[in-house]
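Asks: Dropping in start04.cif, which is mmCIF, C-alpha atoms:
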data_work
loop_
_atom_site.label_atom_id
_atom_site.label_comp_id
_atom_site.auth_asym_id
_atom_site.auth_seq_id
_atom_site.Cartn_x
_atom_site.Cartn_y
_atom_site.Cartn_z
CA MET A 1 -1.84 -10.27 9.53
CA LEU A 2 -2.17 -7.15 7.39
CA VAL A 3 1.00 -5.22 6.46
CA LEU A 4 0.32 -1.72 5.15
CA LEU A 5 3.12 -0.14 3.10
CA SER A 6 2.93 3.62 2.70
CA GLY A 7 5.06 6.34 1.23
CA VAL A 8 4.67 8.96 -1.44
CA SER A 9 4.20 7.96 -5.06
CA GLY A 10 7.54 6.65 -6.29
CA ALA A 11 8.73 5.46 -2.85
CA GLY A 12 8.93 1.86 -4.12
CA LYS A 13 5.83 0.29 -2.57
CA ASP A 14 4.88 -1.86 -5.57
CA THR A 15 8.45 -3.04 -6.20
CA ILE A 16 8.89 -4.05 -2.57
CA LYS A 17 5.52 -5.79 -2.45
CA LYS A 18 6.45 -7.86 -5.52
CA GLU A 19 9.78 -8.84 -3.93
CA LEU A 20 8.10 -9.90 -0.68
CA MET A 21 5.64 -12.11 -2.57
CA LYS A 22 8.47 -13.70 -4.58
CA ARG A 23 10.41 -14.57 -1.43
CA LEU A 24 7.66 -15.67 0.97
CA ASP A 25 4.95 -18.03 -0.24
CA TYR A 26 2.63 -17.02 2.62
CA VAL A 27 2.61 -13.35 1.56
CA VAL A 28 -0.19 -12.22 -0.77
CA SER A 29 -1.18 -8.89 -2.22
CA LEU A 30 -4.53 -7.21 -1.89
CA PRO A 31 -5.08 -5.19 -5.07
CA SER A 32 -6.72 -1.81 -4.68
CA PHE A 33 -9.57 -0.73 -6.89
CA THR A 34 -8.97 2.35 -9.02
CA ASP A 35 -10.62 4.21 -11.85
CA ARG A 36 -7.34 5.19 -13.50
CA SER A 37 -6.10 3.50 -16.65
CA PRO A 38 -3.47 0.75 -16.38
CA ARG A 39 0.13 1.84 -16.87
CA PRO A 40 2.30 -0.06 -19.35
CA GLY A 41 3.08 -3.50 -17.93
CA GLU A 42 0.40 -3.41 -15.22
CA VAL A 43 -1.65 -6.59 -15.08
CA PRO A 44 -5.28 -6.11 -13.98
CA GLY A 45 -5.89 -7.84 -10.65
CA GLU A 46 -2.20 -7.97 -9.69
CA ILE A 47 -1.70 -4.62 -7.96
CA TYR A 48 -4.87 -2.84 -9.07
CA ASN A 49 -8.35 -3.80 -10.16
CA PHE A 50 -9.22 -1.28 -12.87
CA VAL A 51 -12.84 -0.15 -13.06
CA THR A 52 -14.69 2.77 -14.58
CA THR A 53 -15.43 5.87 -12.52
CA GLU A 54 -19.11 4.92 -12.63
CA GLU A 55 -18.37 1.43 -11.25
CA PHE A 56 -16.17 2.87 -8.50
CA GLU A 57 -18.89 5.32 -7.46
CA ARG A 58 -21.42 2.45 -7.46
CA MET A 59 -19.11 0.55 -5.08
CA ILE A 60 -18.94 3.59 -2.79
CA HIS A 61 -22.72 3.97 -2.66
CA ALA A 62 -23.24 0.22 -2.14
CA GLY A 63 -20.88 0.25 0.89
CA GLU A 64 -18.48 -2.24 -0.72
CA LEU A 65 -15.29 -0.43 0.33
CA TYR A 66 -13.52 -0.25 3.70
CA GLU A 67 -11.95 2.98 2.60
CA TYR A 68 -11.40 5.07 -0.50
CA ASP A 69 -9.77 8.33 -1.42
CA VAL A 70 -8.99 10.49 -4.44
CA HIS A 71 -5.33 10.87 -5.42
CA HIS A 72 -4.00 12.61 -8.46
CA GLU A 73 -7.59 12.95 -9.74
CA HIS A 74 -8.39 9.22 -9.48
CA TYR A 75 -10.25 7.04 -6.98
CA TYR A 76 -8.40 4.33 -5.01
CA GLY A 77 -10.08 2.01 -2.52
CA THR A 78 -10.07 -1.27 -0.59
CA SER A 79 -12.77 -3.85 -1.18
CA LYS A 80 -14.41 -5.27 1.95
CA LYS A 81 -15.14 -8.58 0.22
CA TYR A 82 -11.58 -9.11 -1.07
CA MET A 83 -10.01 -8.00 2.22
CA ASN A 84 -12.19 -10.36 4.27
CA GLU A 85 -11.45 -13.28 1.92
CA LYS A 86 -7.68 -12.66 2.23
CA ILE A 87 -7.90 -12.35 6.03
CA GLN A 88 -9.78 -15.67 6.22
CA SER A 89 -7.03 -17.35 4.15
CA GLY A 90 -4.60 -16.97 7.05
CA LYS A 91 -1.90 -15.51 4.79
CA VAL A 92 0.06 -12.32 5.40
CA ILE A 93 -1.57 -9.60 3.32
CA VAL A 94 0.72 -6.84 2.03
CA LYS A 95 -1.12 -3.78 0.75
CA ASP A 96 0.22 -0.47 -0.44
CA MET A 97 -1.83 2.28 1.12
CA ASP A 98 -1.71 6.05 1.37
CA VAL A 99 -1.64 7.70 4.79
CA ASN A 100 -5.38 8.46 4.84
CA GLY A 101 -6.23 4.85 3.97
CA THR A 102 -3.84 3.61 6.65
CA GLU A 103 -5.53 5.78 9.25
CA ASN A 104 -8.97 4.51 8.17
CA LEU A 105 -8.01 0.82 8.09
CA LEU A 106 -6.31 1.06 11.50
CA ARG A 107 -9.51 2.51 12.94
CA LEU A 108 -11.78 -0.04 11.23
CA LEU A 109 -9.72 -3.24 11.56
CA LYS A 110 -7.53 -2.90 14.65
CA ASP A 111 -9.76 -5.21 16.71
CA GLU A 112 -10.24 -7.79 13.94
CA VAL A 113 -6.77 -8.42 12.54
CA LYS A 114 -3.16 -7.65 13.46
CA VAL A 115 -2.15 -4.59 11.42
CA VAL A 116 1.53 -3.68 10.94
CA THR A 117 2.27 -0.30 9.37
CA ILE A 118 5.46 0.56 7.48
CA PHE A 119 6.32 3.95 5.97
CA LEU A 120 8.91 4.06 3.19
CA LYS A 121 10.87 7.29 3.40
CA VAL A 122 12.62 8.64 0.31
CA PRO A 123 14.43 12.00 -0.01
CA LYS A 124 12.45 14.45 -2.14
CA GLU A 125 15.18 14.76 -4.79
CA VAL A 126 15.42 10.96 -5.16
CA LEU A 127 11.66 10.79 -5.42
CA GLN A 128 11.62 13.42 -8.17
CA GLU A 129 14.27 11.48 -10.11
CA ARG A 130 12.28 8.22 -9.78
CA LEU A 131 9.09 9.90 -10.98
CA ILE A 132 10.86 11.44 -13.99
CA ASN A 133 12.41 8.09 -14.91
CA ARG A 134 9.20 6.03 -14.63
CA SER A 135 8.42 3.94 -17.67
CA GLU A 136 5.03 5.58 -18.26
CA LYS A 137 6.68 9.05 -18.38
CA PRO A 138 4.33 11.21 -16.31
CA SER A 139 3.86 14.85 -17.29
CA MET A 140 5.63 17.57 -15.30
CA LYS A 141 2.19 18.57 -13.96
CA GLU A 142 1.64 15.03 -12.63
CA ILE A 143 5.16 14.90 -11.14
CA GLN A 144 4.56 18.23 -9.38
CA LEU A 145 1.17 17.00 -8.11
CA ARG A 146 2.88 13.98 -6.54
CA LEU A 147 5.76 16.02 -5.10
CA ASN A 148 3.27 18.49 -3.56
CA ARG A 149 1.85 15.62 -1.49
CA PHE A 150 5.30 14.78 -0.08
CA ASP A 151 5.10 17.01 3.03
CA TYR A 152 1.55 15.91 3.86
CA GLU A 153 2.46 12.20 3.66
CA GLU A 154 5.57 12.72 5.79
CA SER A 155 3.53 14.64 8.40
CA LYS A 156 1.65 11.39 9.12
CA ILE A 157 4.73 9.28 9.97
CA GLY A 158 3.57 9.06 13.60
CA LEU A 159 0.86 6.58 12.51
CA TYR A 160 3.46 3.98 11.58
CA ASP A 161 5.06 1.16 13.53
CA TYR A 162 8.17 1.30 11.32
CA VAL A 163 9.79 3.98 9.16
CA ILE A 164 12.39 2.75 6.68
CA LYS A 165 14.65 4.87 4.50
CA ASN A 166 14.25 3.21 1.11
CA ASN A 167 17.47 4.00 -0.71
CA ASP A 168 18.62 0.37 -1.22
CA LEU A 169 15.99 -2.10 -2.47
CA GLU A 170 17.67 -5.27 -1.18
CA LYS A 171 18.33 -3.80 2.26
CA THR A 172 14.74 -2.50 2.52
CA VAL A 173 13.30 -5.87 1.49
CA GLN A 174 15.48 -7.68 4.04
CA ILE A 175 14.37 -5.30 6.80
CA ILE A 176 10.70 -5.82 5.94
CA LEU A 177 11.14 -9.62 5.78
CA THR A 178 12.59 -9.45 9.30
CA ILE A 179 9.71 -7.23 10.47
CA ILE A 180 7.14 -9.70 9.10
CA GLU A 181 8.85 -12.69 10.73
CA ASN A 182 9.15 -10.91 14.09
CA GLU A 183 5.58 -9.60 14.04
CA LEU A 184 4.30 -13.11 13.28
CA LYS A 185 6.23 -14.43 16.31
CA LEU A 186 4.74 -11.68 18.50
CA LYS A 187 1.26 -12.49 17.20
CA ASP A 188 1.74 -16.19 17.98
CA GLN A 189 2.99 -15.42 21.50
CA LYS A 190 -0.09 -13.29 22.23
CA LEU A 191 -2.35 -16.13 21.09
CA ARG A 192 -0.75 -18.50 23.60
CA PHE A 193 -1.39 -16.26 26.63
#
Render the structure in this file as structure tokens.

Replies:
Amino acid sequence: MLVLLSGVSGAGKDTIKKELMKRLDYVVSLPSFTDRSPRPGEVPGEIYNFVTTEEFERMIHAGELYEYDVHHEHYYGTSKKYMNEKIQSGKVIVKDMDVNGTENLLRLLKDEVKVVTIFLKVPKEVLQERLINRSEKPSMKEIQLRLNRFDYEESKIGLYDYVIKNNDLEKTVQIILTIIENELKLKDQKLRF
């Protein structure tokens, strides 16, 4: 099963993904590829695989990505090879994904794997505060760039199976744990019929 977590930058996707992996041993992450530099504390291969712009463009031309997009002047994409390996493992894959990537993966994978989509909703003023207080201290230009995408991301909420207001980390994690457990039960029931 593939669980796609979306929401604007600063909505808490990475934090929630880490919590899910800590609490459920059958949940794994699928790191995205990006050509941006690692932020302080980011471990290559944990949430992102960091590559050069040239390497990312080579991957595009070689057809190695299910999907890719440019956000905040950097490439982000999903490796076909890594995704297929994780699917074959039988684990629950949790991936943070923007709305365009979610749309693309739903179209490409809906017949191959069960995909569950979750949108993390955060009020714009809370989002701005989170972005300002990030450890890597983004510039005001970068914060504004991310806030400008807010309305576009929210306009795509109809793509999602679940929309969760993420204003309490523990509550949000508990809701998503319940969603995963229930979706696994539904998947198992469909296999029996």

Asks: Could you list, as a PyMOL selection string, every residue within 8 Å of Val51 (chain A), counting all atoms listed in the file and ignoring same-chain residues fewer than 6 positions away?

Replies: chain A and resi 33-36

Asks: Restricting it to C-alpha atoms, dump the selection as a PDB file, in the coordinates of the input.

Replies:
ATOM      1  CA  PHE A  33      -9.570  -0.730  -6.890  1.00  0.00           C
ATOM      2  CA  THR A  34      -8.970   2.350  -9.020  1.00  0.00           C
ATOM      3  CA  ASP A  35     -10.620   4.210 -11.850  1.00  0.00           C
ATOM      4  CA  ARG A  36      -7.340   5.190 -13.500  1.00  0.00           C
TER       5      ARG A  36
END

Asks: Name the residues captured by the PyMOL selection byres ((chain A and resi 65-71) around 9) when it is applied to the shown file; answer as a PyMOL selection string.

Replies: chain A and resi 33+59-60+62-64+72-81+83+98+100-101+104-105+108+146

Asks: How many Å lie between CA of Arg130 (chain A) and CA of Gly10 (chain A), rounded to one decimal?

Replies: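 Those two atoms sit 6.1 Å apart.
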
Asks: Per residue of region 50-164 of chain A within 9 Å of region 18-26 of chain A, what are the shortest atom pair and its distance in Å to one decimal, counting all atoms listed in the file, with rows by chain and residue number, as a Markdown table?

Replies:
| residue | atom | partner | partner_atom | distance |
| --- | --- | --- | --- | --- |
| A:Gly90 | CA | A:Tyr26 | CA | 8.5 |
| A:Lys91 | CA | A:Tyr26 | CA | 5.2 |
| A:Val92 | CA | A:Tyr26 | CA | 6.0 |
| A:Ile93 | CA | A:Tyr26 | CA | 8.6 |
| A:Val94 | CA | A:Leu20 | CA | 8.4 |

Asks: Okay, now the selection with C-alpha atoms, as a PDB file, in the coordinates of the input?

Replies:
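Output file out_1.pdb follows:
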ATOM      1  CA  GLY A  90      -4.600 -16.970   7.050  1.00  0.00           C
ATOM      2  CA  LYS A  91      -1.900 -15.510   4.790  1.00  0.00           C
ATOM      3  CA  VAL A  92       0.060 -12.320   5.400  1.00  0.00           C
ATOM      4  CA  ILE A  93      -1.570  -9.600   3.320  1.00  0.00           C
ATOM      5  CA  VAL A  94       0.720  -6.840   2.030  1.00  0.00           C
TER       6      VAL A  94
END

Asks: Quick one: distance from CA of Lys95 (chain A) to CA of Asp14 (chain A) in Å, one decimal?

Replies: 8.9 Å

Asks: Compare A:Leu106, A:Leu5, A:Ala11, A:Val99 by their minimum atom-to-atom distance to Leu131 (chain A), counting only C-alpha atoms, and give me the closest one.

Replies: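 Smallest separation from Leu131 (chain A) among the options: A:Ala11.
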
Asks: Rounded to one decimal, what separation in Å do you get between CA of Gln144 (chain A) and CA of Ser29 (chain A)?

Replies: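 Taking CA of Gln144 (chain A) as the start and CA of Ser29 (chain A) as the end point, the length is 28.6 Å.
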
Asks: Counting all atoms listed in the file, which residue out of A:Met97, A:Leu177, A:Val43, A:Val27 sits closest to Leu120 (chain A)?

Replies: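 Between A:Met97, A:Leu177, A:Val43, A:Val27, the residue approaching Leu120 (chain A) most closely is A:Met97.
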
Asks: Give the answer as one residue: which of A:Val8, A:Lys86, A:Glu54, A:Leu147 has the shortest atom-to-atom distance to Pro31 (chain A), using all atoms listed in the file?

Replies: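 Of the candidates, the smallest distance to Pro31 (chain A) is held by A:Lys86.
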
Asks: Which residue out of A:Asn49, A:Asn148, A:Val163, A:Val116 has the minimum interatomic distance to Gln128 (chain A) when only C-alpha atoms are used?

Replies: A:Asn148
